[in-house]
Amino acid sequence: MDYFKKVNQTVSKFDDRVGYKLKTKNKIDILQLNITRTCNLSCKHCHLSCNPNRREDMSVDVAKKCVELLKSYNFSTVDITGGAPEMSGVFKYLVEEASKLNKNVMIRSNLTIYNKEDYKDIPQFLRNHKLDIIASLPFYEREKTDKVRGLGVFEDSIRILKILNELGYGKDPYLNLNLVYNPSGAMIPQSEEELEQVYRVKLKEDYGIIFNDLFAITNSPIGNFGKWLDKSRNLDRYMNRLYNSFNDEVIEEVMCRSTLSVDYDGTIHDCDFNLSLGLGIKGKNKTIFDITVNDLENRPIVTANHCYSCTAGAGSS
């Protein structure tokens, strides 16, 4: 991972720029579960380098410990992600158990997986359990979306968005359909509010699609995107752009301050980006099997220069 050394050498250290060591808040709201690296896509911006050939998947034992932690600590939200989390053997189990505990359950989906025969029942399953859907749609036009995610992905995504609308998503107040924008190159997203308005108009006029909110995500310089930056000789320029766009006003709300992230193997991390780099939380307890409630709150957060992607401009959702 030579490119990651460059990430940490191009600009001054994140902690030095912030001026202090980040710590979590007194209340951890979100339990994020990254349950698989398997995905039907292999996206240019994927910080986990997921693809159809990867087989890492959360075991039943790890999933059961996650449910135990949900019962012992008052998380308000369960954030299920991957890979394509729907492809995990424990996906439905986790949704069902978290729903029984009256947690707000959200899934990060690439949408296209629901076109495959084995997964066509999932949209109805999500509706039955009232999951919030965070759906990746890098752009509202075919060319830019397919550039990031592969040929045909835009049309596949539009097809599923229409099905979700038919099921009530984006219309029913209990069925939230949120979209995610990712830049296609070495740039920082423009205003989230401006982007949302354009998405809303274009998707409604061209396809009859409606949604709740748009989240603009700044690509992290790791995984597939980090490798692309390095190979295309954009890494230095991108890191300097992130550094020069640093906004200390968003520090209070970066996701690592209110999240515990669990990997498929049970290791625990401050966020999904640290998870992708194998950066575990500080302290002696490093897995879902030995973590205690005392390990969750007011703990120091592991940081490096990839953290600049969450503090650039208006901050990354």
# chains A, B, ... in the order shown; residues from 1 in each chain; ligands from 1
$ residues_around --residues "stretch 100-115 of chain A" --least-positions-apart "6" --cutoff "7 Å" --atoms "only C-alpha atoms" --output "ChimeraX atom specification"
/A:40,76-81,84,122,131-136,153,156-157,160
$ write_last_selection --atoms "all heavy atoms" --output "tab-separated table (two decimals), in the first residue's frame"
chain	number	residue	atom	x	y	z
A	40	ASN	N	-21.43	-7.36	-6.25
A	40	ASN	CA	-21.65	-7.65	-7.67
A	40	ASN	C	-20.98	-6.63	-8.57
A	40	ASN	O	-20.91	-6.81	-9.78
A	40	ASN	CB	-23.14	-7.73	-7.97
A	40	ASN	CG	-23.87	-6.44	-7.65
A	40	ASN	OD1	-23.76	-5.93	-6.54
A	40	ASN	ND2	-24.63	-5.92	-8.60
A	76	SER	N	-28.91	3.90	18.76
A	76	SER	CA	-30.19	4.26	18.15
A	76	SER	C	-30.32	3.75	16.73
A	76	SER	O	-31.43	3.51	16.24
A	76	SER	CB	-30.37	5.78	18.17
A	76	SER	OG	-29.32	6.42	17.44
A	77	THR	N	-29.17	3.57	16.06
A	77	THR	CA	-29.18	3.21	14.64
A	77	THR	C	-28.22	2.06	14.36
A	77	THR	O	-27.11	2.01	14.89
A	77	THR	CB	-28.77	4.42	13.77
A	77	THR	OG1	-29.72	5.47	13.95
A	77	THR	CG2	-28.69	4.06	12.30
A	78	VAL	N	-28.66	1.15	13.49
A	78	VAL	CA	-27.80	0.08	12.98
A	78	VAL	C	-27.60	0.35	11.49
A	78	VAL	O	-28.56	0.42	10.72
A	78	VAL	CB	-28.43	-1.31	13.18
A	78	VAL	CG1	-27.48	-2.39	12.68
A	78	VAL	CG2	-28.77	-1.53	14.65
A	79	ASP	N	-26.35	0.52	11.11
A	79	ASP	CA	-25.96	0.87	9.74
A	79	ASP	C	-25.31	-0.36	9.11
A	79	ASP	O	-24.19	-0.73	9.45
A	79	ASP	CB	-24.99	2.05	9.81
A	79	ASP	CG	-24.44	2.48	8.46
A	79	ASP	OD1	-24.80	1.85	7.44
A	79	ASP	OD2	-23.64	3.43	8.42
A	80	ILE	N	-26.03	-1.01	8.19
A	80	ILE	CA	-25.55	-2.26	7.59
A	80	ILE	C	-24.97	-1.96	6.21
A	80	ILE	O	-25.63	-1.43	5.34
A	80	ILE	CB	-26.68	-3.30	7.49
A	80	ILE	CG1	-27.26	-3.58	8.88
A	80	ILE	CG2	-26.16	-4.60	6.88
A	80	ILE	CD1	-28.43	-4.54	8.88
A	81	THR	N	-23.70	-2.35	6.04
A	81	THR	CA	-23.02	-2.02	4.80
A	81	THR	C	-22.13	-3.17	4.37
A	81	THR	O	-22.08	-4.23	4.98
A	81	THR	CB	-22.21	-0.70	5.00
A	81	THR	OG1	-21.62	-0.31	3.77
A	81	THR	CG2	-21.12	-0.85	6.05
A	84	ALA	N	-21.75	-5.55	-1.03
A	84	ALA	CA	-23.21	-5.52	-1.17
A	84	ALA	C	-23.73	-6.32	0.01
A	84	ALA	O	-23.67	-7.55	0.00
A	84	ALA	CB	-23.64	-6.14	-2.49
A	122	ILE	N	-35.60	-8.81	-2.09
A	122	ILE	CA	-35.06	-7.95	-1.04
A	122	ILE	C	-35.80	-6.62	-0.91
A	122	ILE	O	-36.07	-6.17	0.21
A	122	ILE	CB	-33.55	-7.72	-1.25
A	122	ILE	CG1	-32.79	-9.05	-1.17
A	122	ILE	CG2	-33.02	-6.74	-0.21
A	122	ILE	CD1	-32.81	-9.71	0.18
A	131	LEU	N	-36.78	-0.48	6.60
A	131	LEU	CA	-35.39	-0.05	6.58
A	131	LEU	C	-35.24	1.26	5.83
A	131	LEU	O	-35.90	1.48	4.81
A	131	LEU	CB	-34.49	-1.10	5.91
A	131	LEU	CG	-33.77	-2.06	6.87
A	131	LEU	CD1	-34.76	-2.98	7.55
A	131	LEU	CD2	-32.71	-2.85	6.13
A	132	ASP	N	-34.38	2.13	6.34
A	132	ASP	CA	-33.95	3.29	5.56
A	132	ASP	C	-32.96	2.81	4.52
A	132	ASP	O	-32.05	2.03	4.84
A	132	ASP	CB	-33.27	4.32	6.46
A	132	ASP	CG	-34.24	5.05	7.36
A	132	ASP	OD1	-35.46	4.91	7.17
A	132	ASP	OD2	-33.78	5.76	8.27
A	133	ILE	N	-33.10	3.27	3.30
A	133	ILE	CA	-32.20	2.88	2.22
A	133	ILE	C	-31.28	4.06	1.89
A	133	ILE	O	-31.74	5.17	1.63
A	133	ILE	CB	-32.96	2.45	0.96
A	133	ILE	CG1	-33.84	1.23	1.26
A	133	ILE	CG2	-32.00	2.13	-0.19
A	133	ILE	CD1	-34.73	0.81	0.10
A	134	ILE	N	-29.98	3.80	1.92
A	134	ILE	CA	-28.97	4.76	1.48
A	134	ILE	C	-28.43	4.20	0.16
A	134	ILE	O	-27.64	3.26	0.16
A	134	ILE	CB	-27.84	4.94	2.49
A	134	ILE	CG1	-28.39	5.13	3.91
A	134	ILE	CG2	-26.94	6.09	2.09
A	134	ILE	CD1	-29.19	6.38	4.09
A	135	ALA	N	-28.89	4.75	-0.95
A	135	ALA	CA	-28.63	4.16	-2.26
A	135	ALA	C	-27.58	4.95	-3.03
A	135	ALA	O	-27.70	6.17	-3.19
A	135	ALA	CB	-29.92	4.10	-3.07
A	136	SER	N	-26.57	4.26	-3.49
A	136	SER	CA	-25.51	4.91	-4.25
A	136	SER	C	-25.97	5.21	-5.68
A	136	SER	O	-26.40	4.32	-6.41
A	136	SER	CB	-24.27	4.01	-4.29
A	136	SER	OG	-23.25	4.60	-5.06
A	153	VAL	N	-24.72	0.27	-15.29
A	153	VAL	CA	-25.11	0.42	-13.89
A	153	VAL	C	-26.19	1.49	-13.71
A	153	VAL	O	-27.11	1.32	-12.91
A	153	VAL	CB	-23.88	0.73	-13.01
A	153	VAL	CG1	-24.30	1.21	-11.63
A	153	VAL	CG2	-23.00	-0.50	-12.89
A	156	ASP	N	-29.60	0.07	-14.65
A	156	ASP	CA	-29.98	-0.91	-13.63
A	156	ASP	C	-30.45	-0.22	-12.36
A	156	ASP	O	-31.41	-0.66	-11.70
A	156	ASP	CB	-28.81	-1.84	-13.30
A	156	ASP	CG	-28.56	-2.87	-14.38
A	156	ASP	OD1	-29.42	-3.04	-15.27
A	156	ASP	OD2	-27.49	-3.52	-14.35
A	157	SER	N	-29.78	0.88	-12.01
A	157	SER	CA	-30.14	1.62	-10.79
A	157	SER	C	-31.49	2.32	-10.95
A	157	SER	O	-32.32	2.30	-10.03
A	157	SER	CB	-29.05	2.65	-10.47
A	157	SER	OG	-27.80	2.04	-10.25
A	160	ILE	N	-34.42	-0.05	-10.50
A	160	ILE	CA	-34.71	-0.40	-9.11
A	160	ILE	C	-35.30	0.78	-8.34
A	160	ILE	O	-36.19	0.60	-7.50
A	160	ILE	CB	-33.43	-0.92	-8.41
A	160	ILE	CG1	-32.95	-2.21	-9.08
A	160	ILE	CG2	-33.69	-1.15	-6.93
A	160	ILE	CD1	-33.98	-3.34	-9.12
$ select_by_dssp --residues "stretch 16-143 of chain A" --states "strand (DSSP E)" --output "number ranges by chain"
A: 30-34, 77-81, 104-109, 132-136
$ atom_distance --atom1 "atom CA of A:Leu41" --atom2 "atom CA of A:Arg149"
7.0 Å
$ residues_around --residues "A:Ser316" --least-positions-apart "2" --cutoff "12 Å" --atoms "only C-alpha atoms" --output "ChimeraX atom specification"
/A:180-183,188-192,214-220,242,245-247,250-251,253-256,307-314
$ residues_around --residues "A:Lys13" --least-positions-apart "6" --cutoff "12 Å" --atoms "only C-alpha atoms" --output "MDAnalysis selection string"
chainID A and resid 5:7 19:21 239 243 303:308
$ write_last_selection --atoms "N, CA, C and O atoms" --output "PDB file, in the first residue's frame"
ATOM      1  N   LYS A   5       1.247   5.521   2.042  1.00  0.00           N
ATOM      2  CA  LYS A   5       2.369   6.260   2.623  1.00  0.00           C
ATOM      3  C   LYS A   5       2.414   7.671   2.049  1.00  0.00           C
ATOM      4  O   LYS A   5       2.676   8.638   2.759  1.00  0.00           O
ATOM      5  N   LYS A   6       2.135   7.768   0.745  1.00  0.00           N
ATOM      6  CA  LYS A   6       2.109   9.084   0.109  1.00  0.00           C
ATOM      7  C   LYS A   6       0.983   9.938   0.672  1.00  0.00           C
ATOM      8  O   LYS A   6       1.138  11.141   0.851  1.00  0.00           O
ATOM      9  N   VAL A   7      -0.171   9.306   0.951  1.00  0.00           N
ATOM     10  CA  VAL A   7      -1.300  10.024   1.540  1.00  0.00           C
ATOM     11  C   VAL A   7      -0.870  10.708   2.837  1.00  0.00           C
ATOM     12  O   VAL A   7      -1.257  11.847   3.123  1.00  0.00           O
ATOM     13  N   GLY A  19      -5.332  20.264  15.705  1.00  0.00           N
ATOM     14  CA  GLY A  19      -4.822  20.931  16.896  1.00  0.00           C
ATOM     15  C   GLY A  19      -5.037  20.167  18.181  1.00  0.00           C
ATOM     16  O   GLY A  19      -4.606  20.585  19.248  1.00  0.00           O
ATOM     17  N   TYR A  20      -5.709  19.007  18.087  1.00  0.00           N
ATOM     18  CA  TYR A  20      -5.918  18.168  19.267  1.00  0.00           C
ATOM     19  C   TYR A  20      -6.311  16.775  18.799  1.00  0.00           C
ATOM     20  O   TYR A  20      -6.643  16.568  17.628  1.00  0.00           O
ATOM     21  N   LYS A  21      -6.291  15.832  19.723  1.00  0.00           N
ATOM     22  CA  LYS A  21      -6.670  14.468  19.402  1.00  0.00           C
ATOM     23  C   LYS A  21      -8.187  14.330  19.461  1.00  0.00           C
ATOM     24  O   LYS A  21      -8.820  14.726  20.439  1.00  0.00           O
ATOM     25  N   MET A 239      -4.744  15.357  -2.428  1.00  0.00           N
ATOM     26  CA  MET A 239      -4.482  15.546  -1.005  1.00  0.00           C
ATOM     27  C   MET A 239      -4.328  17.032  -0.681  1.00  0.00           C
ATOM     28  O   MET A 239      -4.808  17.496   0.365  1.00  0.00           O
ATOM     29  N   TYR A 243      -6.610  19.155   1.874  1.00  0.00           N
ATOM     30  CA  TYR A 243      -5.953  19.910   2.938  1.00  0.00           C
ATOM     31  C   TYR A 243      -6.354  21.385   2.887  1.00  0.00           C
ATOM     32  O   TYR A 243      -6.681  21.992   3.919  1.00  0.00           O
ATOM     33  N   THR A 303      -6.478   8.446  13.884  1.00  0.00           N
ATOM     34  CA  THR A 303      -6.571   9.295  12.695  1.00  0.00           C
ATOM     35  C   THR A 303      -5.306   9.202  11.845  1.00  0.00           C
ATOM     36  O   THR A 303      -4.242   8.814  12.325  1.00  0.00           O
ATOM     37  N   ALA A 304      -5.463   9.542  10.579  1.00  0.00           N
ATOM     38  CA  ALA A 304      -4.344   9.679   9.634  1.00  0.00           C
ATOM     39  C   ALA A 304      -4.814  10.653   8.558  1.00  0.00           C
ATOM     40  O   ALA A 304      -5.919  11.200   8.646  1.00  0.00           O
ATOM     41  N   ASN A 305      -4.027  10.851   7.541  1.00  0.00           N
ATOM     42  CA  ASN A 305      -4.360  11.911   6.586  1.00  0.00           C
ATOM     43  C   ASN A 305      -5.547  11.606   5.682  1.00  0.00           C
ATOM     44  O   ASN A 305      -6.078  12.512   5.041  1.00  0.00           O
ATOM     45  N   HIS A 306      -5.995  10.353   5.632  1.00  0.00           N
ATOM     46  CA  HIS A 306      -7.219  10.077   4.882  1.00  0.00           C
ATOM     47  C   HIS A 306      -8.423  10.755   5.544  1.00  0.00           C
ATOM     48  O   HIS A 306      -9.451  10.957   4.897  1.00  0.00           O
ATOM     49  N   CYS A 307      -8.273  11.145   6.820  1.00  0.00           N
ATOM     50  CA  CYS A 307      -9.366  11.820   7.538  1.00  0.00           C
ATOM     51  C   CYS A 307      -9.688  13.187   6.948  1.00  0.00           C
ATOM     52  O   CYS A 307     -10.773  13.733   7.206  1.00  0.00           O
ATOM     53  N   TYR A 308      -8.773  13.755   6.170  1.00  0.00           N
ATOM     54  CA  TYR A 308      -9.059  15.037   5.526  1.00  0.00           C
ATOM     55  C   TYR A 308     -10.272  14.962   4.601  1.00  0.00           C
ATOM     56  O   TYR A 308     -10.926  15.982   4.340  1.00  0.00           O
TER      57      TYR A 308
END
$ residues_around --residues "A:Asn51" --least-positions-apart "4" --cutoff "10 Å" --atoms "only C-alpha atoms" --output "list in words"
Arg37, Thr38, Cys39, Asn40, Leu41, Ser42, Cys43, Cys46, Arg55, Gly83 and Ala84 of chain A
$ write_last_selection --atoms "N, CA and C atoms" --output "short mmCIF file (atom, residue, chain, number, x, y, z; two decimals), in the first residue's frame"
data_model
loop_
_atom_site.label_atom_id
_atom_site.label_comp_id
_atom_site.auth_asym_id
_atom_site.auth_seq_id
_atom_site.Cartn_x
_atom_site.Cartn_y
_atom_site.Cartn_z
N ARG A 37 -17.28 -8.39 2.05
CA ARG A 37 -16.53 -7.70 1.00
C ARG A 37 -17.02 -8.12 -0.39
N THR A 38 -17.92 -9.09 -0.43
CA THR A 38 -18.45 -9.54 -1.71
C THR A 38 -19.39 -8.49 -2.28
N CYS A 39 -19.25 -8.22 -3.57
CA CYS A 39 -20.12 -7.25 -4.23
C CYS A 39 -20.28 -7.66 -5.68
N ASN A 40 -21.43 -7.36 -6.25
CA ASN A 40 -21.65 -7.65 -7.67
C ASN A 40 -20.98 -6.63 -8.57
N LEU A 41 -20.47 -5.53 -7.97
CA LEU A 41 -19.77 -4.49 -8.73
C LEU A 41 -18.33 -4.35 -8.25
N SER A 42 -17.55 -3.63 -9.04
CA SER A 42 -16.18 -3.27 -8.63
C SER A 42 -15.99 -1.80 -9.01
N CYS A 43 -16.31 -0.91 -8.08
CA CYS A 43 -16.42 0.51 -8.38
C CYS A 43 -15.10 1.25 -8.22
N CYS A 46 -14.56 2.80 -4.67
CA CYS A 46 -14.76 1.94 -3.50
C CYS A 46 -13.53 1.96 -2.58
N ARG A 55 -14.63 -13.09 -0.98
CA ARG A 55 -15.51 -14.03 -0.29
C ARG A 55 -15.62 -13.76 1.21
N GLY A 83 -19.06 -3.93 0.78
CA GLY A 83 -19.67 -4.89 -0.12
C GLY A 83 -21.14 -4.56 -0.42
N ALA A 84 -21.75 -5.55 -1.03
CA ALA A 84 -23.21 -5.52 -1.17
C ALA A 84 -23.73 -6.32 0.01
#
$ select_by_dssp --residues "stretch 69-168 of chain A" --states "alpha helix (DSSP H)" --output "VMD selection string"
chain A and resid 69 to 72 91 to 100 122 to 128 142 to 149 153 to 166
